[in-house]
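Asks: Okay, handing you the structure first.
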Amino acid sequence: MNPAFSLDGQIAVVTGACGKLGPIWVEALLEAGATVAALELPAMTTSPAFAALEGTYEGRVVRYDCDITDRASITAAGQLVSAAYGVPSILVNNAGVDQPPDSGTSRSAIEDVPVEQFRKMVEVNLLGTLQVIQVIGGAMAKAGRGSIINIGSLYASVSPDQRFYDHMPGNLPFLKSPAYGASKAAVVNMTKYFSTLWGKAGVRVNTLSPGGVLGGQDPDFKAKFGSRVPLGRMAEPVDLKGPLVFLASSAASYVTGHELRVDGGFTAW
Ligand SMILES: NC(=O)c1ccc[n+]([C@@H]2O[C@H](COP(=O)([O-])OP(=O)(O)OC[C@H]3O[C@@H](n4cnc5c(N)ncnc54)[C@H](O)[C@@H]3O)[C@@H](O)[C@H]2O)c1
């Protein structure tokens with residue numbers, strides 16, 4: 001392996017580590033040699049995928065309670081991580097909320113979507129990410145090095161195609177929220193802000209925007225989504241790992257302020 005891609009000896013923080021994509025990022029970082037501090041809501045049960053990593057990489061992945069919407073909680077987690085390992089050199093801002101069709105939330109016509117739903121997505125996806133960057137990214141900037149990777153989405157760039165959902169039963173059509181893409185587009189812009197602010201402090205800041213990732217979707221959805229992707233399919237975990245390690249590592253030493261779309265070409269069409 002080209003040593004520029006190695007993360008040996010590095011300390012990485014990943015937020016929202018126990019969800020669907022969290023364990024994929026955590027595993028990629030562990031495989032590349034990093035030790036991972038996995039930040040997650042205290043009430044979130046440990047997923048089987050995350051538990052498997054704890055078993056395989058004993059001592060190199062440690063979970064910490066953290067609510068990214070609560071500044072005191074981020075500060076407390078940051079202090080624990082720094083006391084154990086020193087200031088991290090990699091931060092993956094992965095924690096986020098969406099409202100998938102299977103979330104059980106009652107459907108509304110677009111005119112009636114409660115503004116609270118919008119507020120919640122902005123609070124976690126944008127303001128939560130901002131606060132983690134302030135606390136943990138700020139420590140990295142003071143230390144004079146690091147790589148921050150904010151997880152965006154294909155919907156930062158394009159509107160969801162609501163036809164992906166029109167086969168789903170219900171008294172009203174499922175509408176993917178306008179708040180999700182708006183919050184992610186804001187993350188892409190905020191990434192550019194911090195990349196310019198902290199360039200001279202030696203901290204690179206990039207967005208990794210995944211396309212739709214396979215995981216329990218119904219066959220009609222997968223077929224419709226796949227036919228809309230130039231590479232013809234949804235993303236598999238392995239598709240995401242290399243791009244993350246690239247951005248985290250010194251192989252990307254001259255890459256900052258960038259949005260790396262890992263979407264099979266979805267946003268090129
Ligand atoms: N799954 C996909 O297909 C996909 C595609 C594009 C982008 N993304 C983005 O990837 C990221 C991860 O998505 P996912 O599919 O794993 O979602 P997920 O819901 O499975 O996991 C999100 C994790 O974030 C945690 N979280 C939520 N609020 C939090 C808070 N306030 N503080 C700390 N942690 C919190 C949750 O507990 C959960 O473990 C999100 O930012 C999402 O927008 C996902």
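The chains in the structure tokens are called A, B, ... from first to last as shown; in each chain the residues are counted from 1, and the ligands are counted from 1 in the order shown.
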As a list in words, please: the residues near A:Gly9 (cut-off 12 Å, only C-alpha atoms, same-chain neighbours under 3 positions excluded).
Replies: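 The filter keeps Ser6, Ala12, Leu29, Leu30, Glu31, Ala32, Gly33, Ala34, Thr35, Val36, Arg60, Tyr85, Gly86, Pro88, Ser89, Ile90 and Ser249 of chain A.
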Asks: Taking the backbone alone, and naming residues the way the document does, which bits of stretch 114-180 of chain A are strand (DSSP E) by DSSP, as a list in words?
Replies: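 Residues meeting the strand (DSSP E) criterion: Gly146, Ser147, Ile148, Ile149, Asn150 and Ile151 of chain A.
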Asks: Could you please extract the residues within 6 Å of ligand 1, counting only C-alpha atoms and all ligand atoms, and hand them back as a list in words?
Replies: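 The neighbouring residues of ligand 1 are, in order, Thr15, Gly16, Ala17, Cys18, Gly19, Lys20, Leu21, Gly22, Glu40, Leu41, Met44, Cys66, Asp67, Ile68, Thr69, Asn94, Ala95, Gly96, Val97, Val124, Ile151, Gly152, Ser153, Pro210, Gly211, Gly212 and Val213 of chain A.
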Asks: For A:Val205, find every residue with an atom within 7 Å (counting only C-alpha atoms), except residues of its own chain fewer than 2 positions away, and show them as a list in words.
Replies: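 Everything that qualifies: Ser147, Ile148, Ile149, Thr191, Phe194, Ser195, Val203, Thr256 and Gly257 of chain A.
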Asks: Okay, now the selection with N, CA and C atoms, as a PDB file, in the first residue's frame?
Replies:
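Generated file (result.pdb):
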```pdb
ATOM      1  N   SER A 147      -7.610  16.555   9.687  1.00  0.00           N
ATOM      2  CA  SER A 147      -8.519  16.437   8.544  1.00  0.00           C
ATOM      3  C   SER A 147      -9.937  16.269   9.068  1.00  0.00           C
ATOM      4  N   ILE A 148     -10.810  17.161   8.644  1.00  0.00           N
ATOM      5  CA  ILE A 148     -12.225  17.072   9.020  1.00  0.00           C
ATOM      6  C   ILE A 148     -13.005  16.647   7.779  1.00  0.00           C
ATOM      7  N   ILE A 149     -13.846  15.642   7.952  1.00  0.00           N
ATOM      8  CA  ILE A 149     -14.684  15.174   6.844  1.00  0.00           C
ATOM      9  C   ILE A 149     -16.137  15.261   7.296  1.00  0.00           C
ATOM     10  N   THR A 191     -18.463  23.692   5.063  1.00  0.00           N
ATOM     11  CA  THR A 191     -17.174  23.028   4.851  1.00  0.00           C
ATOM     12  C   THR A 191     -16.187  23.987   4.193  1.00  0.00           C
ATOM     13  N   PHE A 194     -14.879  26.650   6.726  1.00  0.00           N
ATOM     14  CA  PHE A 194     -13.824  26.230   7.650  1.00  0.00           C
ATOM     15  C   PHE A 194     -12.539  25.851   6.905  1.00  0.00           C
ATOM     16  N   SER A 195     -12.662  25.387   5.668  1.00  0.00           N
ATOM     17  CA  SER A 195     -11.438  25.046   4.921  1.00  0.00           C
ATOM     18  C   SER A 195     -10.607  26.296   4.676  1.00  0.00           C
ATOM     19  N   VAL A 203      -5.355  22.492   8.969  1.00  0.00           N
ATOM     20  CA  VAL A 203      -6.522  21.597   9.033  1.00  0.00           C
ATOM     21  C   VAL A 203      -7.237  21.629   7.679  1.00  0.00           C
ATOM     22  N   THR A 256      -8.646  20.474  -0.012  1.00  0.00           N
ATOM     23  CA  THR A 256      -9.474  21.053   1.049  1.00  0.00           C
ATOM     24  C   THR A 256     -10.578  21.904   0.429  1.00  0.00           C
ATOM     25  N   GLY A 257     -11.688  22.011   1.150  1.00  0.00           N
ATOM     26  CA  GLY A 257     -12.830  22.778   0.652  1.00  0.00           C
ATOM     27  C   GLY A 257     -13.601  22.045  -0.424  1.00  0.00           C
TER      28      GLY A 257
END
```
Asks: Which residue is closest to A:Gly181? Choose from A:Asp161, A:Asp70, A:Glu236, A:Glu27 and count only C-alpha atoms.
Replies: A:Asp161
Asks: DSSP on the backbone, then: every residue of stretch 152-232 of chain A marked alpha helix (DSSP H), written as a ChimeraX atom specification.
Replies: /A:178-197,219-227
Asks: Would you work out the distance separating atom CA of A:Asp239 from atom CA of A:Val262, expressed in Å to one decimal?
Replies: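 If I compute the distance from atom CA of A:Asp239 to atom CA of A:Val262, I get 7.6 Å.
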Asks: In terms of the shortest atom-to-atom distance over only C-alpha atoms, which of A:Leu39, A:Pro23, A:Ile133, A:Gln10 is closest to A:Leu80?
Replies: A:Leu39
Asks: Please compute the atom CA of A:Glu259-atom CA of A:Ala156 distance, one decimal, in Å.
Replies: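 Atom CA of A:Ala156 lies 10.0 Å from atom CA of A:Glu259.
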Asks: Can you tell me, as a list in words, what residues are no more than 10 Å from A:Gly242 when counting only C-alpha atoms, ignoring any on the same chain fewer than 3 positions away?
Replies: Phe5, Trp25, Ala28, Leu29, Ala32, Pro237, Val238, Asp239, Val245, Phe246, Leu247 and Ala248 of chain A
Asks: Take the residues that were just selected and, keeping N, CA and C atoms, output them as a PDB file, in the first residue's frame.
Replies:
```
ATOM      1  N   PHE A   5      -1.524   6.605   2.255  1.00  0.00           N
ATOM      2  CA  PHE A   5      -2.904   6.263   2.624  1.00  0.00           C
ATOM      3  C   PHE A   5      -3.001   5.675   4.033  1.00  0.00           C
ATOM      4  N   TRP A  25     -17.637   3.820   8.290  1.00  0.00           N
ATOM      5  CA  TRP A  25     -16.518   4.781   8.429  1.00  0.00           C
ATOM      6  C   TRP A  25     -15.527   4.281   9.487  1.00  0.00           C
ATOM      7  N   ALA A  28     -13.388   1.511   8.156  1.00  0.00           N
ATOM      8  CA  ALA A  28     -12.397   2.003   7.184  1.00  0.00           C
ATOM      9  C   ALA A  28     -11.207   2.629   7.909  1.00  0.00           C
ATOM     10  N   LEU A  29     -11.493   3.398   8.947  1.00  0.00           N
ATOM     11  CA  LEU A  29     -10.417   4.069   9.688  1.00  0.00           C
ATOM     12  C   LEU A  29      -9.572   3.055  10.448  1.00  0.00           C
ATOM     13  N   ALA A  32      -7.269   1.165   8.214  1.00  0.00           N
ATOM     14  CA  ALA A  32      -6.129   1.969   7.750  1.00  0.00           C
ATOM     15  C   ALA A  32      -5.152   2.261   8.884  1.00  0.00           C
ATOM     16  N   PRO A 237     -21.112  -0.697   1.112  1.00  0.00           N
ATOM     17  CA  PRO A 237     -20.162  -0.145   2.078  1.00  0.00           C
ATOM     18  C   PRO A 237     -18.752   0.027   1.527  1.00  0.00           C
ATOM     19  N   VAL A 238     -18.283  -0.947   0.739  1.00  0.00           N
ATOM     20  CA  VAL A 238     -16.903  -0.880   0.238  1.00  0.00           C
ATOM     21  C   VAL A 238     -16.690   0.342  -0.663  1.00  0.00           C
ATOM     22  N   ASP A 239     -17.762   0.833  -1.284  1.00  0.00           N
ATOM     23  CA  ASP A 239     -17.632   2.010  -2.149  1.00  0.00           C
ATOM     24  C   ASP A 239     -17.289   3.267  -1.356  1.00  0.00           C
ATOM     25  N   VAL A 245     -10.927   7.206   3.545  1.00  0.00           N
ATOM     26  CA  VAL A 245      -9.514   7.082   3.927  1.00  0.00           C
ATOM     27  C   VAL A 245      -8.670   8.074   3.121  1.00  0.00           C
ATOM     28  N   PHE A 246      -8.993   8.225   1.855  1.00  0.00           N
ATOM     29  CA  PHE A 246      -8.275   9.204   1.025  1.00  0.00           C
ATOM     30  C   PHE A 246      -8.342  10.598   1.657  1.00  0.00           C
ATOM     31  N   LEU A 247      -9.563  11.046   1.966  1.00  0.00           N
ATOM     32  CA  LEU A 247      -9.702  12.404   2.515  1.00  0.00           C
ATOM     33  C   LEU A 247      -9.032  12.531   3.881  1.00  0.00           C
ATOM     34  N   ALA A 248      -9.066  11.452   4.666  1.00  0.00           N
ATOM     35  CA  ALA A 248      -8.475  11.510   6.010  1.00  0.00           C
ATOM     36  C   ALA A 248      -6.952  11.523   5.965  1.00  0.00           C
TER      37      ALA A 248
END
```
Asks: Contacts of stretch 219-224 of chain A at 8 Å or less, counting only C-alpha atoms, minus same-chain residues fewer than 3 places along, as number ranges by chain?
Replies: A: 164-165, 167, 227-228, 233-234
Asks: Taking only C-alpha atoms into account, name the residue in A:Ser253, A:Asn93, A:Ser82, A:Asn171 that is nearest to A:Gln131.
Replies: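 When distances to A:Gln131 are compared using only C-alpha atoms, the smallest one comes from A:Asn93.
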Asks: Please list as a ChimeraX atom specification every residue within 9 Å of A:Tyr254, counting only C-alpha atoms and excluding residues in the same chain fewer than 3 positions away.
Replies: /A:204,250-251
Asks: Save the residues we just selected, C-alpha atoms, as a tab-separated table (two decimals), in the first residue's frame?
Replies:
```tsv
chain	number	residue	atom	x	y	z
A	204	ARG	CA	-8.13	20.35	5.83
A	250	SER	CA	-1.93	12.55	3.66
A	251	ALA	CA	-2.75	11.23	0.17
```
